[in-house]
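Chemist: The structure that follows is given in the form of C-alpha cells.
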Amino acid sequence: MRGGVATLAFLLVAPAWAQYPGDRRHAGGGAAVPAAVKGVDVIERLGDLVPAGVRFTDSEGRPFQLADVLRQGRPVILTLVYYRCPALCSLVLSGLTRSLRAVDLRLGDDYRVVTVSIDPSETPRLAAESKRGHLQALGADPATAAWTFATGAEPEIQALAGALGFQYTYDAPTRQYAHAAAIFVLSPEGKISRYLYGIDYPARDLRLALVEASRGRVGTSLDRVLLTCFKYDPASRRYEPYVLGFVRIGGLLVFLALATLLSILWRQEVKMKKQRGAQA
C-alpha cells in the first residue's frame, strides 16, 4: 500500500506533541493539525530495499551499516526514534520490548533489531544508555550485538527514513521531533516486509511478521500454517483470520481423512478376499 496515513500519524504522535504550547482544538469537525506535526506521515514502501550501505555509529562508537546485520540472513526489526524523546519513543521501544518478551523466538538466533536515532546531534553515549535499559527490560545481555542502537549524520538518517517513508519534523523552539509511532520489519535481503503501528505490538502479529519476512526460515511449521490462515489487514493494521485459508486447511483435512478411510477400507477388502481364497 503506497498511500499517506496522515490521520494515523496525527493520532499516534499525540503523546509527542502534547507538551507543545499553543492553541490546540479538539480533533473532530474543523480540527486543525498542530503546526508541530505538519509533515508527519508514514508512506508505506512495501517491497522496496532499504539503503544498506548508509553509515552510522553504534553505541560502542564503532562504524555500523545495515549491511552488517542483513548479511547474517535473518529478518530485522528496525525502529527510528531519538534517545532524548520525552514520550513517544520510549513508548515505542518499551512496547517492542514487551512484545519481544512474549515472542517465542530468540534474539540473535532468529531475528535482529536495529534502532537508529533521527537526531543527528545525539551521541553513542546516549545510544548506549538507551540500549542498556531496554536490553535489561528484555532480559538479554546489554552487551549483545543482536540489538544495535546507532546514531548518525543528517544525510544518512534522511536517506534511511526516506526509503522507509518515515516522515518527521523538528520543532526548533522546543528542540523536539514530531513523528509517528511505527516499527518496520525487513527481510534478510533488506526489503521492507511489514509496517506495524502504535505503541503496542501483539506478540502474534510480531511473530507472524518475522516469519513472513523470513519466508518461513524462522519459526515453526505451525507458524507457516498460521500464515495460511491469517493475513495482514491494512485497514485494521493487524493479522486477521483469513477465511479462504481456513477453508483450504479444512479441505485438506477432509481430503486426508477420506484418503485414510479409503485406504483402511481397501486394506480390509484385500484382507477379506485373501481369507475367502484361503477357505476355498
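Labels for the C-alpha cells follow display order: chains A, B, ..., residues from 1 in each chain, ligands from 1.
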List every residue of stretch 34-202 of chain A that DSSP, applied to the backbone of this structure, assigns to helix (DSSP H, G or I), and report them as a ChimeraX atom specification.
Modeler: /A:35-37,66-70,88-102,124-138,154-164
Chemist: Include N, CA and C atoms and write out the residues we just selected as a short mmCIF file (atom, residue, chain, number, x, y, z; two decimals), in the first residue's frame.
Modeler:
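Result file result.cif:
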```
data_model
loop_
_atom_site.label_atom_id
_atom_site.label_comp_id
_atom_site.auth_asym_id
_atom_site.auth_seq_id
_atom_site.Cartn_x
_atom_site.Cartn_y
_atom_site.Cartn_z
N ALA A 35 0.78 22.81 14.20
CA ALA A 35 1.88 23.11 13.30
C ALA A 35 3.06 22.19 13.54
N ALA A 36 3.23 21.76 14.79
CA ALA A 36 4.39 20.93 15.14
C ALA A 36 4.36 19.57 14.46
N VAL A 37 3.16 19.11 14.02
CA VAL A 37 3.09 17.78 13.42
C VAL A 37 2.75 17.82 11.92
N LEU A 66 23.70 -1.13 7.95
CA LEU A 66 22.64 -2.14 7.97
C LEU A 66 23.11 -3.42 7.28
N ALA A 67 24.00 -3.27 6.32
CA ALA A 67 24.53 -4.43 5.63
C ALA A 67 25.22 -5.39 6.59
N ASP A 68 25.79 -4.86 7.67
CA ASP A 68 26.46 -5.71 8.66
C ASP A 68 25.48 -6.69 9.29
N VAL A 69 24.23 -6.26 9.44
CA VAL A 69 23.19 -7.10 10.05
C VAL A 69 22.52 -7.97 9.00
N LEU A 70 22.20 -7.40 7.84
CA LEU A 70 21.45 -8.12 6.82
C LEU A 70 22.22 -9.31 6.29
N LEU A 88 7.05 9.60 23.24
CA LEU A 88 6.63 8.58 22.29
C LEU A 88 7.69 7.54 22.01
N CYS A 89 8.94 7.94 21.86
CA CYS A 89 10.00 6.98 21.52
C CYS A 89 10.15 5.91 22.59
N SER A 90 10.11 6.34 23.85
CA SER A 90 10.21 5.37 24.94
C SER A 90 9.04 4.41 24.92
N LEU A 91 7.85 4.90 24.57
CA LEU A 91 6.67 4.04 24.49
C LEU A 91 6.82 3.03 23.36
N VAL A 92 7.36 3.48 22.22
CA VAL A 92 7.56 2.57 21.09
C VAL A 92 8.55 1.47 21.47
N LEU A 93 9.70 1.85 22.04
CA LEU A 93 10.72 0.86 22.39
C LEU A 93 10.26 -0.04 23.54
N SER A 94 9.53 0.52 24.49
CA SER A 94 9.03 -0.30 25.60
C SER A 94 7.98 -1.29 25.09
N GLY A 95 7.10 -0.83 24.17
CA GLY A 95 6.10 -1.73 23.60
C GLY A 95 6.75 -2.85 22.81
N LEU A 96 7.80 -2.51 22.05
CA LEU A 96 8.51 -3.53 21.30
C LEU A 96 9.17 -4.53 22.25
N THR A 97 9.77 -4.02 23.31
CA THR A 97 10.43 -4.90 24.28
C THR A 97 9.44 -5.86 24.91
N ARG A 98 8.27 -5.36 25.30
CA ARG A 98 7.25 -6.23 25.89
C ARG A 98 6.84 -7.32 24.91
N SER A 99 6.65 -6.94 23.66
CA SER A 99 6.23 -7.92 22.66
C SER A 99 7.30 -8.96 22.43
N LEU A 100 8.56 -8.54 22.37
CA LEU A 100 9.65 -9.49 22.14
C LEU A 100 9.79 -10.47 23.30
N ARG A 101 9.46 -10.01 24.50
CA ARG A 101 9.50 -10.92 25.65
C ARG A 101 8.46 -12.03 25.50
N ALA A 102 7.36 -11.72 24.82
CA ALA A 102 6.28 -12.70 24.67
C ALA A 102 6.41 -13.54 23.41
N PRO A 124 26.87 8.36 20.72
CA PRO A 124 26.89 6.94 21.08
C PRO A 124 26.64 6.71 22.57
N ARG A 125 27.01 7.68 23.40
CA ARG A 125 26.77 7.53 24.84
C ARG A 125 25.27 7.45 25.12
N LEU A 126 24.49 8.31 24.50
CA LEU A 126 23.04 8.26 24.67
C LEU A 126 22.48 6.94 24.14
N ALA A 127 23.03 6.49 23.01
CA ALA A 127 22.59 5.21 22.45
C ALA A 127 22.89 4.07 23.41
N ALA A 128 24.06 4.11 24.04
CA ALA A 128 24.45 3.06 24.99
C ALA A 128 23.53 3.03 26.20
N GLU A 129 23.15 4.21 26.70
CA GLU A 129 22.26 4.28 27.86
C GLU A 129 20.89 3.69 27.51
N SER A 130 20.38 4.03 26.32
CA SER A 130 19.08 3.50 25.91
C SER A 130 19.16 1.99 25.70
N LYS A 131 20.23 1.54 25.10
CA LYS A 131 20.40 0.10 24.87
C LYS A 131 20.44 -0.66 26.19
N ARG A 132 21.18 -0.16 27.13
CA ARG A 132 21.31 -0.86 28.41
C ARG A 132 19.95 -1.02 29.08
N GLY A 133 19.16 0.04 29.10
CA GLY A 133 17.86 -0.02 29.76
C GLY A 133 16.90 -0.99 29.09
N HIS A 134 16.84 -0.95 27.76
CA HIS A 134 15.86 -1.79 27.06
C HIS A 134 16.31 -3.25 27.00
N LEU A 135 17.60 -3.50 26.90
CA LEU A 135 18.06 -4.90 26.90
C LEU A 135 17.88 -5.52 28.28
N GLN A 136 18.04 -4.74 29.33
CA GLN A 136 17.78 -5.25 30.67
C GLN A 136 16.30 -5.58 30.83
N ALA A 137 15.43 -4.70 30.31
CA ALA A 137 13.98 -4.97 30.37
C ALA A 137 13.62 -6.21 29.57
N LEU A 138 14.36 -6.48 28.49
CA LEU A 138 14.11 -7.66 27.67
C LEU A 138 14.63 -8.93 28.33
N GLU A 154 22.96 13.69 9.51
CA GLU A 154 21.68 14.02 8.88
C GLU A 154 21.48 13.36 7.51
N PRO A 155 22.45 13.40 6.59
CA PRO A 155 22.20 12.80 5.27
C PRO A 155 21.88 11.31 5.34
N GLU A 156 22.60 10.58 6.20
CA GLU A 156 22.36 9.15 6.33
C GLU A 156 20.99 8.86 6.96
N ILE A 157 20.65 9.65 7.99
CA ILE A 157 19.34 9.48 8.63
C ILE A 157 18.22 9.74 7.63
N GLN A 158 18.35 10.83 6.87
CA GLN A 158 17.33 11.17 5.89
C GLN A 158 17.22 10.11 4.80
N ALA A 159 18.34 9.54 4.40
CA ALA A 159 18.32 8.50 3.36
C ALA A 159 17.54 7.28 3.84
N LEU A 160 17.80 6.87 5.08
CA LEU A 160 17.11 5.70 5.63
C LEU A 160 15.63 5.99 5.85
N ALA A 161 15.34 7.13 6.48
CA ALA A 161 13.94 7.49 6.75
C ALA A 161 13.16 7.65 5.46
N GLY A 162 13.78 8.27 4.44
CA GLY A 162 13.10 8.46 3.17
C GLY A 162 12.77 7.14 2.50
N ALA A 163 13.70 6.18 2.57
CA ALA A 163 13.46 4.88 1.96
C ALA A 163 12.32 4.14 2.65
N LEU A 164 12.15 4.38 3.95
CA LEU A 164 11.08 3.74 4.72
C LEU A 164 9.75 4.48 4.60
#
```
Chemist: Please, which residues of stretch 64-138 of chain A, numbered as in this document, come out strand (DSSP E) from DSSP, as a ChimeraX atom specification?
Modeler: /A:64-65,76-81,112-117
Chemist: Output C-alpha atoms for every residue in that selection, as a PDB file, in the first residue's frame.
Modeler:
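Result file follows (out_34.pdb):
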```pdb
ATOM      1  CA  PHE A  64      27.927   0.451  11.538  1.00  0.00           C
ATOM      2  CA  GLN A  65      25.932  -0.323   8.399  1.00  0.00           C
ATOM      3  CA  VAL A  76      15.402  -7.392  11.082  1.00  0.00           C
ATOM      4  CA  ILE A  77      13.119  -5.209  13.182  1.00  0.00           C
ATOM      5  CA  LEU A  78      14.032  -1.583  12.542  1.00  0.00           C
ATOM      6  CA  THR A  79      12.972   1.401  14.667  1.00  0.00           C
ATOM      7  CA  LEU A  80      13.567   5.114  14.122  1.00  0.00           C
ATOM      8  CA  VAL A  81      13.447   7.110  17.372  1.00  0.00           C
ATOM      9  CA  ARG A 112      17.953  -8.947  14.832  1.00  0.00           C
ATOM     10  CA  VAL A 113      16.852  -5.480  15.952  1.00  0.00           C
ATOM     11  CA  VAL A 114      18.302  -2.129  14.863  1.00  0.00           C
ATOM     12  CA  THR A 115      17.385   1.200  16.426  1.00  0.00           C
ATOM     13  CA  VAL A 116      18.589   4.397  14.735  1.00  0.00           C
ATOM     14  CA  SER A 117      18.296   7.907  16.152  1.00  0.00           C
TER      15      SER A 117
END
```
Chemist: Which one of A:Pro234, A:Pro120, A:Pro142, A:Gly190 sits closest to A:Pro75 if you count only C-alpha atoms?
Modeler: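 Looking only at the distances to A:Pro75, the closest residue turns out to be A:Gly190.
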Chemist: Which value, in Å to one decimal, gives the distance between atom CA of A:Ile199 and atom CA of A:Glu240?
Modeler: 18.8 Å
Chemist: Excluding A:Ser193 and residues on its chain fewer than 2 positions from it, collect all residues at most 8 Å away from it, counting only C-alpha atoms, and give them as a list in words.
Modeler: Leu46, Gly47, Phe184, Val185, Leu186, Ser187, Lys191, Tyr195, Ala209, Glu212 and Ala213 of chain A
Chemist: One decimal, Å: what's the distance from atom CA of A:Tyr177 over to atom CA of A:Thr148, could you say?
Modeler: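 According to the coordinates, atom CA of A:Tyr177 and atom CA of A:Thr148 are separated by 21.4 Å.
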Chemist: So, with only C-alpha atoms as the atoms that count, which of A:Gly61, A:Leu107, A:Ala87, A:Ala203 lies closest to A:Ala181?
Modeler: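 Smallest distance to A:Ala181 is found for A:Ala87.
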Chemist: What is the atom CA of A:Gly139-atom CA of A:Val103 distance in Å, reported with one decimal?
Modeler: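 Rounded to one decimal, the two atoms are 12.9 Å apart.
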